[in-house]
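Q: Just one file: structure-v4.cif, with mmCIF, C-alpha atoms.
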data_model
#
loop_
_atom_site.group_PDB
_atom_site.id
_atom_site.type_symbol
_atom_site.label_atom_id
_atom_site.label_comp_id
_atom_site.auth_asym_id
_atom_site.auth_seq_id
_atom_site.Cartn_x
_atom_site.Cartn_y
_atom_site.Cartn_z
ATOM 1 C CA MET S 1 -24.740 -74.291 -77.705
ATOM 2 C CA MET S 2 -26.671 -73.703 -80.914
ATOM 3 C CA SER S 3 -30.364 -74.512 -80.744
ATOM 4 C CA GLY S 4 -32.078 -76.904 -83.159
ATOM 5 C CA SER S 5 -34.052 -74.050 -84.709
ATOM 6 C CA PHE S 6 -30.799 -72.381 -85.774
ATOM 7 C CA TRP S 7 -29.654 -75.467 -87.666
ATOM 8 C CA SER S 8 -33.094 -76.090 -89.182
ATOM 9 C CA MET S 9 -33.198 -72.494 -90.524
ATOM 10 C CA GLY S 10 -36.988 -72.399 -90.332
ATOM 11 C CA GLY S 11 -37.267 -75.430 -92.620
ATOM 12 C CA TYR S 12 -34.888 -74.010 -95.242
ATOM 13 C CA ALA S 13 -31.755 -75.793 -93.964
ATOM 14 C CA ARG S 14 -31.323 -77.854 -97.144
ATOM 15 C CA TYR S 15 -30.978 -74.639 -99.139
ATOM 16 C CA VAL S 16 -29.248 -72.303 -96.663
ATOM 17 C CA TRP S 17 -26.412 -74.583 -95.476
ATOM 18 C CA PRO S 18 -25.366 -75.877 -98.911
ATOM 19 C CA CYS S 19 -25.330 -72.237 -100.035
ATOM 20 C CA PHE S 20 -22.866 -71.264 -97.277
ATOM 21 C CA ALA S 21 -20.899 -74.510 -97.659
ATOM 22 C CA PHE S 22 -20.410 -73.902 -101.388
ATOM 23 C CA ALA S 23 -19.328 -70.315 -100.674
ATOM 24 C CA GLY S 24 -16.749 -71.644 -98.196
ATOM 25 C CA MET S 25 -15.508 -74.116 -100.796
ATOM 26 C CA VAL S 26 -15.153 -71.384 -103.435
ATOM 27 C CA LEU S 27 -13.207 -69.126 -101.053
ATOM 28 C CA ALA S 28 -10.959 -72.019 -99.960
ATOM 29 C CA TRP S 29 -10.365 -73.093 -103.580
ATOM 30 C CA ASN S 30 -9.447 -69.534 -104.574
ATOM 31 C CA LEU S 31 -6.845 -69.223 -101.829
ATOM 32 C CA TRP S 32 -5.427 -72.715 -102.386
ATOM 33 C CA SER S 33 -5.233 -72.416 -106.176
ATOM 34 C CA ALA S 34 -3.694 -68.915 -106.027
ATOM 35 C CA ARG S 35 -0.975 -70.124 -103.645
ATOM 36 C CA ARG S 36 -0.353 -73.223 -105.749
ATOM 37 C CA PHE S 37 -0.153 -71.068 -108.882
ATOM 38 C CA PHE S 38 2.379 -68.748 -107.243
ATOM 39 C CA ALA S 39 4.490 -71.667 -105.994
ATOM 40 C CA ALA S 40 4.463 -73.213 -109.496
ATOM 41 C CA ALA S 41 5.441 -69.849 -111.022
ATOM 42 C CA ARG S 42 8.409 -69.592 -108.637
ATOM 43 C CA VAL S 43 9.576 -73.084 -109.609
ATOM 44 C CA ARG S 44 9.172 -72.237 -113.309
ATOM 45 C CA ALA S 45 11.097 -68.984 -112.942
ATOM 46 C CA ALA S 46 13.862 -70.712 -110.947
ATOM 47 C CA ARG S 47 14.202 -73.450 -113.600
ATOM 48 C CA SER S 48 14.345 -70.839 -116.321
ATOM 49 C CA LEU S 49 17.117 -69.016 -114.463
ATOM 50 C CA GLU S 50 19.060 -72.259 -113.926
ATOM 51 C CA MET S 51 18.858 -73.011 -117.652
ATOM 52 C CA ALA S 52 19.999 -69.486 -118.512
ATOM 53 C CA GLU S 53 22.940 -69.759 -116.090
ATOM 54 C CA GLY S 54 23.840 -73.173 -117.539
ATOM 55 C CA GLU S 55 23.953 -71.720 -121.043
ATOM 56 C CA GLU S 56 26.141 -68.823 -119.834
ATOM 57 C CA ARG S 57 28.684 -71.325 -118.488
ATOM 58 C CA MET U 1 4.132 -36.555 -116.982
ATOM 59 C CA TRP U 2 3.211 -40.257 -116.988
ATOM 60 C CA THR U 3 6.562 -41.397 -115.575
ATOM 61 C CA TRP U 4 5.081 -42.024 -112.101
ATOM 62 C CA PHE U 5 2.348 -44.170 -113.634
ATOM 63 C CA TYR U 6 4.816 -46.371 -115.520
ATOM 64 C CA LYS U 7 6.997 -46.581 -112.399
ATOM 65 C CA LEU U 8 4.010 -47.637 -110.295
ATOM 66 C CA ALA U 9 3.045 -50.269 -112.857
ATOM 67 C CA SER U 10 6.581 -51.625 -113.249
ATOM 68 C CA PRO U 11 6.720 -55.409 -112.632
ATOM 69 C CA PRO U 12 9.225 -55.287 -109.710
ATOM 70 C CA HIS U 13 7.164 -52.618 -107.956
ATOM 71 C CA VAL U 14 3.903 -54.534 -108.436
ATOM 72 C CA TYR U 15 5.557 -57.786 -107.303
ATOM 73 C CA GLY U 16 6.839 -56.205 -104.079
ATOM 74 C CA ALA U 17 3.715 -54.164 -103.310
ATOM 75 C CA ALA U 18 1.452 -57.206 -103.786
ATOM 76 C CA ALA U 19 3.579 -59.234 -101.355
ATOM 77 C CA ALA U 20 3.285 -56.510 -98.719
ATOM 78 C CA LEU U 21 -0.477 -56.170 -99.162
ATOM 79 C CA VAL U 22 -1.513 -59.849 -98.992
ATOM 80 C CA PRO U 23 -1.338 -60.404 -95.187
ATOM 81 C CA TRP U 24 -3.219 -57.158 -94.474
ATOM 82 C CA LEU U 25 -5.906 -57.903 -97.042
ATOM 83 C CA LEU U 26 -6.386 -61.488 -95.824
ATOM 84 C CA GLY U 27 -6.473 -60.391 -92.161
ATOM 85 C CA THR U 28 -9.088 -57.673 -92.692
ATOM 86 C CA ALA U 29 -11.092 -59.975 -94.983
ATOM 87 C CA ALA U 30 -11.191 -62.635 -92.236
ATOM 88 C CA VAL U 31 -12.466 -60.072 -89.693
ATOM 89 C CA ALA U 32 -15.145 -58.707 -92.063
ATOM 90 C CA LEU U 33 -16.285 -62.188 -93.129
ATOM 91 C CA GLY U 34 -16.316 -63.436 -89.525
ATOM 92 C CA TYR U 35 -18.471 -60.538 -88.335
ATOM 93 C CA GLY U 36 -20.754 -60.783 -91.380
ATOM 94 C CA LEU U 37 -21.245 -64.538 -90.921
ATOM 95 C CA ILE U 38 -22.056 -64.369 -87.198
ATOM 96 C CA ASP U 39 -24.338 -61.340 -87.555
ATOM 97 C CA GLY U 40 -25.945 -62.592 -90.763
ATOM 98 C CA LEU U 41 -26.585 -66.156 -89.630
ATOM 99 C CA ALA U 42 -27.355 -65.756 -85.942
ATOM 100 C CA ILE U 43 -28.239 -62.153 -85.073
ATOM 101 C CA ALA U 44 -30.066 -60.536 -88.028
ATOM 102 C CA PRO U 45 -33.857 -61.047 -87.777
ATOM 103 C CA PRO U 46 -35.619 -63.317 -90.300
ATOM 104 C CA ASP U 47 -37.334 -61.658 -93.248
ATOM 105 C CA TYR U 48 -41.096 -61.193 -92.814
ATOM 106 C CA GLN U 49 -41.817 -62.838 -96.189
ATOM 107 C CA GLN U 50 -38.899 -65.204 -96.846
ATOM 108 C CA GLY U 51 -38.200 -66.211 -93.238
ATOM 109 C CA GLU U 52 -34.746 -67.715 -92.626
ATOM 110 C CA ALA U 53 -34.227 -68.409 -96.358
ATOM 111 C CA PHE U 54 -33.312 -64.746 -96.871
ATOM 112 C CA ARG U 55 -29.962 -65.433 -95.120
ATOM 113 C CA MET U 56 -28.656 -66.750 -98.441
ATOM 114 C CA ILE U 57 -28.422 -63.063 -99.384
ATOM 115 C CA TYR U 58 -25.216 -62.890 -97.321
ATOM 116 C CA VAL U 59 -23.300 -64.963 -99.856
ATOM 117 C CA HIS U 60 -25.398 -64.523 -102.985
ATOM 118 C CA VAL U 61 -25.318 -60.711 -103.209
ATOM 119 C CA PRO U 62 -21.580 -60.257 -102.429
ATOM 120 C CA SER U 63 -20.652 -62.970 -104.934
ATOM 121 C CA ALA U 64 -22.943 -61.478 -107.601
ATOM 122 C CA ILE U 65 -21.521 -57.966 -107.074
ATOM 123 C CA LEU U 66 -18.016 -59.401 -107.142
ATOM 124 C CA SER U 67 -18.677 -61.239 -110.407
ATOM 125 C CA LEU U 68 -19.341 -57.853 -112.045
ATOM 126 C CA THR U 69 -16.575 -55.994 -110.187
ATOM 127 C CA VAL U 70 -13.926 -58.566 -111.127
ATOM 128 C CA TYR U 71 -14.987 -58.447 -114.772
ATOM 129 C CA THR U 72 -14.732 -54.641 -114.718
ATOM 130 C CA VAL U 73 -11.249 -54.879 -113.175
ATOM 131 C CA MET U 74 -10.240 -57.463 -115.798
ATOM 132 C CA ALA U 75 -11.582 -55.316 -118.660
ATOM 133 C CA ALA U 76 -9.957 -52.132 -117.309
ATOM 134 C CA ALA U 77 -6.590 -53.904 -116.907
ATOM 135 C CA SER U 78 -6.935 -55.318 -120.429
ATOM 136 C CA ALA U 79 -7.729 -51.883 -121.880
ATOM 137 C CA VAL U 80 -4.782 -50.310 -120.043
ATOM 138 C CA ALA U 81 -2.492 -53.060 -121.364
ATOM 139 C CA LEU U 82 -3.769 -52.704 -124.927
ATOM 140 C CA ILE U 83 -3.758 -48.901 -125.054
ATOM 141 C CA TRP U 84 -0.624 -48.005 -123.067
ATOM 142 C CA ARG U 85 1.232 -51.300 -123.601
ATOM 143 C CA ILE U 86 1.660 -51.803 -119.865
ATOM 144 C CA LYS U 87 2.607 -55.452 -119.420
ATOM 145 C CA VAL U 88 1.320 -55.672 -115.854
ATOM 146 C CA GLY U 89 -2.151 -54.997 -117.241
ATOM 147 C CA PHE U 90 -2.065 -58.366 -119.020
ATOM 148 C CA ALA U 91 -0.879 -60.017 -115.799
ATOM 149 C CA VAL U 92 -3.739 -58.469 -113.772
ATOM 150 C CA ALA U 93 -6.295 -59.484 -116.411
ATOM 151 C CA ALA U 94 -4.972 -63.062 -116.510
ATOM 152 C CA ALA U 95 -4.972 -63.249 -112.709
ATOM 153 C CA ALA U 96 -8.514 -61.869 -112.372
ATOM 154 C CA ALA U 97 -10.206 -64.262 -114.831
ATOM 155 C CA PRO U 98 -10.275 -67.518 -112.764
ATOM 156 C CA ILE U 99 -11.275 -65.604 -109.628
ATOM 157 C CA GLY U 100 -14.126 -63.868 -111.447
ATOM 158 C CA ALA U 101 -15.294 -67.127 -113.011
ATOM 159 C CA SER U 102 -15.428 -68.831 -109.615
ATOM 160 C CA PHE U 103 -17.450 -65.998 -108.056
ATOM 161 C CA THR U 104 -19.838 -65.948 -111.024
ATOM 162 C CA LEU U 105 -20.376 -69.689 -110.571
ATOM 163 C CA LEU U 106 -20.956 -69.075 -106.852
ATOM 164 C CA ALA U 107 -23.538 -66.374 -107.641
ATOM 165 C CA LEU U 108 -25.337 -68.724 -110.050
ATOM 166 C CA VAL U 109 -25.345 -71.704 -107.655
ATOM 167 C CA THR U 110 -26.417 -69.697 -104.582
ATOM 168 C CA GLY U 111 -29.063 -67.911 -106.665
ATOM 169 C CA SER U 112 -30.321 -71.275 -107.847
ATOM 170 C CA LEU U 113 -30.487 -72.592 -104.262
ATOM 171 C CA TRP U 114 -32.381 -69.451 -103.232
ATOM 172 C CA GLY U 115 -34.659 -69.617 -106.262
ATOM 173 C CA ARG U 116 -35.963 -73.125 -105.499
ATOM 174 C CA PRO U 117 -37.863 -72.268 -102.287
ATOM 175 C CA MET U 118 -38.825 -68.724 -103.399
ATOM 176 C CA TRP U 119 -39.700 -69.165 -107.089
ATOM 177 C CA GLY U 120 -40.327 -72.909 -107.105
ATOM 178 C CA THR U 121 -37.508 -73.605 -109.573
ATOM 179 C CA TYR U 122 -33.723 -73.861 -109.565
ATOM 180 C CA TRP U 123 -33.425 -72.181 -112.948
ATOM 181 C CA ALA U 124 -35.443 -69.954 -115.267
ATOM 182 C CA TRP U 125 -34.362 -68.275 -118.509
ATOM 183 C CA ASP U 126 -34.803 -64.938 -116.818
ATOM 184 C CA PRO U 127 -32.874 -61.857 -118.086
ATOM 185 C CA ARG U 128 -30.758 -61.563 -114.907
ATOM 186 C CA LEU U 129 -29.951 -65.269 -114.706
ATOM 187 C CA THR U 130 -29.255 -65.560 -118.433
ATOM 188 C CA SER U 131 -26.994 -62.490 -118.576
ATOM 189 C CA GLU U 132 -25.100 -63.765 -115.511
ATOM 190 C CA LEU U 133 -24.630 -67.121 -117.263
ATOM 191 C CA ILE U 134 -23.297 -65.257 -120.316
ATOM 192 C CA LEU U 135 -20.859 -63.520 -117.947
ATOM 193 C CA LEU U 136 -19.576 -66.945 -116.844
ATOM 194 C CA PHE U 137 -19.160 -67.949 -120.509
ATOM 195 C CA LEU U 138 -17.230 -64.724 -121.129
ATOM 196 C CA TYR U 139 -14.818 -65.527 -118.298
ATOM 197 C CA VAL U 140 -14.341 -69.061 -119.639
ATOM 198 C CA GLY U 141 -13.911 -67.646 -123.165
ATOM 199 C CA VAL U 142 -11.245 -65.165 -122.042
ATOM 200 C CA MET U 143 -9.288 -67.898 -120.221
ATOM 201 C CA SER U 144 -9.603 -70.351 -123.108
ATOM 202 C CA LEU U 145 -8.586 -67.779 -125.696
ATOM 203 C CA ARG U 146 -5.475 -66.834 -123.719
ATOM 204 C CA SER U 147 -4.325 -70.443 -123.509
ATOM 205 C CA ALA U 148 -5.217 -71.234 -127.150
ATOM 206 C CA PHE U 149 -2.146 -69.424 -128.523
ATOM 207 C CA GLU U 150 1.359 -70.866 -128.445
ATOM 208 C CA ASP U 151 2.741 -67.337 -128.443
ATOM 209 C CA SER U 152 1.684 -66.054 -125.019
ATOM 210 C CA SER U 153 1.845 -62.371 -126.029
ATOM 211 C CA ARG U 154 -0.627 -63.000 -128.863
ATOM 212 C CA GLY U 155 -2.851 -64.904 -126.447
ATOM 213 C CA ASP U 156 -2.694 -61.994 -124.012
ATOM 214 C CA ARG U 157 -3.734 -59.502 -126.681
ATOM 215 C CA ALA U 158 -6.592 -61.645 -128.013
ATOM 216 C CA ALA U 159 -7.939 -62.312 -124.485
ATOM 217 C CA ALA U 160 -7.606 -58.640 -123.584
ATOM 218 C CA LEU U 161 -9.602 -57.663 -126.659
ATOM 219 C CA LEU U 162 -12.387 -60.115 -125.804
ATOM 220 C CA ALA U 163 -12.411 -58.970 -122.165
ATOM 221 C CA THR U 164 -12.640 -55.312 -123.226
ATOM 222 C CA VAL U 165 -15.455 -55.912 -125.716
ATOM 223 C CA GLY U 166 -17.290 -58.206 -123.286
ATOM 224 C CA VAL U 167 -17.550 -55.470 -120.664
ATOM 225 C CA VAL U 168 -20.740 -54.424 -122.456
ATOM 226 C CA ASN U 169 -22.407 -57.341 -120.617
ATOM 227 C CA VAL U 170 -21.730 -55.800 -117.176
ATOM 228 C CA PRO U 171 -24.397 -53.036 -117.389
ATOM 229 C CA ILE U 172 -26.723 -55.543 -119.071
ATOM 230 C CA VAL U 173 -26.472 -57.839 -116.025
ATOM 231 C CA HIS U 174 -26.942 -54.950 -113.598
ATOM 232 C CA PHE U 175 -29.872 -53.263 -115.363
ATOM 233 C CA SER U 176 -31.544 -56.444 -116.640
ATOM 234 C CA VAL U 177 -34.071 -56.285 -113.779
ATOM 235 C CA VAL U 178 -34.974 -52.721 -114.791
ATOM 236 C CA TRP U 179 -35.013 -53.073 -118.582
ATOM 237 C CA TRP U 180 -36.989 -56.336 -118.796
ATOM 238 C CA ASN U 181 -39.681 -58.156 -116.845
ATOM 239 C CA SER U 182 -37.815 -60.379 -114.418
ATOM 240 C CA LEU U 183 -38.473 -62.946 -111.707
ATOM 241 C CA HIS U 184 -35.437 -61.539 -109.955
ATOM 242 C CA GLN U 185 -35.945 -58.739 -107.454
ATOM 243 C CA GLY U 186 -34.614 -55.247 -108.192
ATOM 244 C CA ALA U 187 -31.452 -53.697 -106.756
ATOM 245 C CA THR U 188 -31.345 -53.628 -102.955
ATOM 246 C CA ILE U 189 -28.004 -51.967 -102.225
ATOM 247 C CA VAL U 190 -26.363 -50.756 -105.452
ATOM 248 C CA ARG U 191 -29.066 -48.263 -106.435
ATOM 249 C CA LEU U 192 -29.814 -44.563 -106.411
ATOM 250 C CA GLY U 193 -31.220 -43.516 -103.036
ATOM 251 C CA ALA U 194 -31.031 -45.296 -99.693
ATOM 252 C CA PRO U 195 -30.791 -49.117 -99.478
ATOM 253 C CA LYS U 196 -34.114 -50.920 -99.111
ATOM 254 C CA MET U 197 -33.051 -52.925 -96.031
ATOM 255 C CA PRO U 198 -33.162 -52.147 -92.299
ATOM 256 C CA GLY U 199 -29.789 -51.676 -90.600
ATOM 257 C CA SER U 200 -29.989 -54.970 -88.671
ATOM 258 C CA MET U 201 -29.989 -56.854 -91.988
ATOM 259 C CA LEU U 202 -27.866 -54.390 -93.945
ATOM 260 C CA TRP U 203 -24.734 -54.220 -91.747
ATOM 261 C CA PRO U 204 -23.869 -57.928 -91.977
ATOM 262 C CA LEU U 205 -24.455 -57.720 -95.738
ATOM 263 C CA LEU U 206 -22.104 -54.758 -96.091
ATOM 264 C CA SER U 207 -19.562 -56.579 -93.945
ATOM 265 C CA MET U 208 -19.759 -59.703 -96.125
ATOM 266 C CA TRP U 209 -19.474 -57.512 -99.230
ATOM 267 C CA LEU U 210 -16.357 -55.834 -97.827
ATOM 268 C CA GLY U 211 -14.941 -59.213 -96.815
ATOM 269 C CA PHE U 212 -15.456 -60.648 -100.300
ATOM 270 C CA MET U 213 -13.847 -57.570 -101.884
ATOM 271 C CA LEU U 214 -10.796 -57.728 -99.603
ATOM 272 C CA PHE U 215 -10.510 -61.472 -100.164
ATOM 273 C CA PHE U 216 -10.610 -60.922 -103.927
ATOM 274 C CA ALA U 217 -7.898 -58.259 -103.643
ATOM 275 C CA ALA U 218 -5.702 -60.652 -101.609
ATOM 276 C CA VAL U 219 -6.117 -63.573 -104.012
ATOM 277 C CA LEU U 220 -5.578 -61.231 -106.979
ATOM 278 C CA CYS U 221 -2.287 -60.031 -105.443
ATOM 279 C CA ILE U 222 -1.065 -63.635 -105.013
ATOM 280 C CA ARG U 223 -1.994 -64.557 -108.583
ATOM 281 C CA VAL U 224 -0.556 -61.319 -110.037
ATOM 282 C CA ARG U 225 2.792 -62.110 -108.358
ATOM 283 C CA GLY U 226 2.773 -65.505 -110.069
ATOM 284 C CA GLU U 227 1.847 -64.018 -113.453
ATOM 285 C CA VAL U 228 4.575 -61.361 -113.134
ATOM 286 C CA LEU U 229 7.170 -64.018 -112.239
ATOM 287 C CA ILE U 230 6.290 -66.120 -115.294
ATOM 288 C CA ARG U 231 6.295 -63.140 -117.656
ATOM 289 C CA GLU U 232 9.505 -61.592 -116.284
ATOM 290 C CA ARG U 233 11.458 -64.788 -115.622
ATOM 291 C CA GLN U 234 14.372 -63.655 -117.806
ATOM 292 C CA SER U 235 14.804 -60.361 -115.935
ATOM 293 C CA THR U 236 17.602 -59.594 -113.522
ATOM 294 C CA TRP U 237 15.267 -58.520 -110.752
ATOM 295 C CA VAL U 238 13.491 -61.913 -110.853
ATOM 296 C CA ARG U 239 16.861 -63.632 -110.338
ATOM 297 C CA GLU U 240 17.383 -61.556 -107.207
ATOM 298 C CA ALA U 241 13.785 -62.081 -106.030
ATOM 299 C CA ILE U 242 14.015 -65.866 -106.458
ATOM 300 C CA LYS U 243 17.381 -66.103 -104.725
ATOM 301 C CA SER U 244 16.233 -63.986 -101.765
#
Just give me the structure as structure tokens.

A:
Amino acid sequence: MMSGSFWSMGGYARYVWPCFAFAGMVLAWNLWSARRFFAAARVRAARSLEMAEGEER
Amino acid sequence: MWTWFYKLASPPHVYGAAAALVPWLLGTAAVALGYGLIDGLAIAPPDYQQGEAFRMIYVHVPSAILSLTVYTVMAAASAVALIWRIKVGFAVAAAAAPIGASFTLLALVTGSLWGRPMWGTYWAWDPRLTSELILLFLYVGVMSLRSAFEDSSRGDRAAALLATVGVVNVPIVHFSVVWWNSLHQGATIVRLGAPKMPGSMLWPLLSMWLGFMLFFAAVLCIRVRGEVLIRERQSTWVREAIKS
């Protein structure tokens, strides 16, 4: 169990916790957006291939 | 003589190697960040002057170092692409830009949150803070310039040129605290001689630094795979990669 003094961070809680929370958000956004970008690139490449195959036929 | 280099930088090789690296990089990053967080938040002693507020160092310093490292990677990849006409260089530069911008923003926000209790202000037009803000503008400029062209290859070249020229700001950010009078403290880790911190505070910081670096490498690999797919979508190997 974490003590109250840990969460209060010696009176600096309103600076320390937002700092770590924002860092967590930036890391999470980076991972999410990179995966989304890759998935979108796969879809784009697949569509491009389908179009090319359609033209060949 | 350079055949191995071109082979190593070939799009199919980069695409496959990045896929293999991602799980390892993410796994080791999670371990390093987990250890750094627990040690940094709960075990490391408070600073004798700043008290518990110093713990913000564990995200501020790694993000600030990463903001410069990512820019250097982006500029090096751009230069390689421009000089040797290696297409993967453009892909790496394009993939690095949004990651670098986000870590620069993180460094600015965490620095601002740290500055309020220590300096009494969220922002000052200090050389370190101002040059870091210029770094963020450079990232945004590189991304905007790339997307401003209808012809993507022209956009790549223009963005690569800006990224290469803009690298001059990296030493300015790093040495700003030495060259000018600054509110910001001097270098603690990246300096000549031993670090200025005791081991109990230093180890979690090094662990967080390593974790951020590995995380960046993992995210870069994922984005580079996407960039390579888009750029090579007419190639035969992409057809096979998509179908598998």

Q: For chain U, work out the contacting residues on chain S at 9 Å, counting only C-alpha atoms, and write them as a ChimeraX atom specification.

A: /S:6,9-20,22-23,26-27,29-31,33-35,37-42,44-46,48-49,52

Q: Could you give me the centre and size, in Å to one decimal, of an axis-aligned box around all listed atoms of range 30-47 of chain S with 4 Å added on every side, as AutoDock Vina command-line options?

A:
--center_x 2.4 --center_y -71.1 --center_z -107.7 --size_x 31.6 --size_y 12.7 --size_z 19.8

Q: If we count only C-alpha atoms and set the cut-off at 12 Å, which residues sit around Ala17 in chain U, ignoring sequence neighbours fewer than 3 positions away in its own chain? Please answer as a ChimeraX atom specification.

A: /U:8-14,20-24,218,221-222,224-225

Q: When you look at range 68-79 of chain U with a cut-off of 6 Å (counting all atoms listed in the file), what residues show up, excluding the ones that are within fewer than 2 positions of it in the same chain? I need them as an MDAnalysis selection string.

A: chainID U and resid 65:66 81:83 89:90 93 96 100 160 163:164

Q: Dump C-alpha atoms for the selected residues as a PDB file, in the frame of the given file?

A:
ATOM      1  CA  ILE U  65     -21.521 -57.966-107.074  1.00  0.00           C
ATOM      2  CA  LEU U  66     -18.016 -59.401-107.142  1.00  0.00           C
ATOM      3  CA  ALA U  81      -2.492 -53.060-121.364  1.00  0.00           C
ATOM      4  CA  LEU U  82      -3.769 -52.704-124.927  1.00  0.00           C
ATOM      5  CA  ILE U  83      -3.758 -48.901-125.054  1.00  0.00           C
ATOM      6  CA  GLY U  89      -2.151 -54.997-117.241  1.00  0.00           C
ATOM      7  CA  PHE U  90      -2.065 -58.366-119.020  1.00  0.00           C
ATOM      8  CA  ALA U  93      -6.295 -59.484-116.411  1.00  0.00           C
ATOM      9  CA  ALA U  96      -8.514 -61.869-112.372  1.00  0.00           C
ATOM     10  CA  GLY U 100     -14.126 -63.868-111.447  1.00  0.00           C
ATOM     11  CA  ALA U 160      -7.606 -58.640-123.584  1.00  0.00           C
ATOM     12  CA  ALA U 163     -12.411 -58.970-122.165  1.00  0.00           C
ATOM     13  CA  THR U 164     -12.640 -55.312-123.226  1.00  0.00           C
TER      14      THR U 164
END

Q: To one decimal place, how far is CA of Val170 in chain U from CA of Gly141 in chain U in Å?

A: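 Separation between CA of Val170 in chain U and CA of Gly141 in chain U: 15.4 Å.
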
Q: Taking only C-alpha atoms into account, which of U:Gly211, U:Gly166, U:Gly120, U:Pro127 comes nearest Asn181 in chain U?

A: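 The shortest atom-to-atom distance to Asn181 in chain U comes from U:Pro127.
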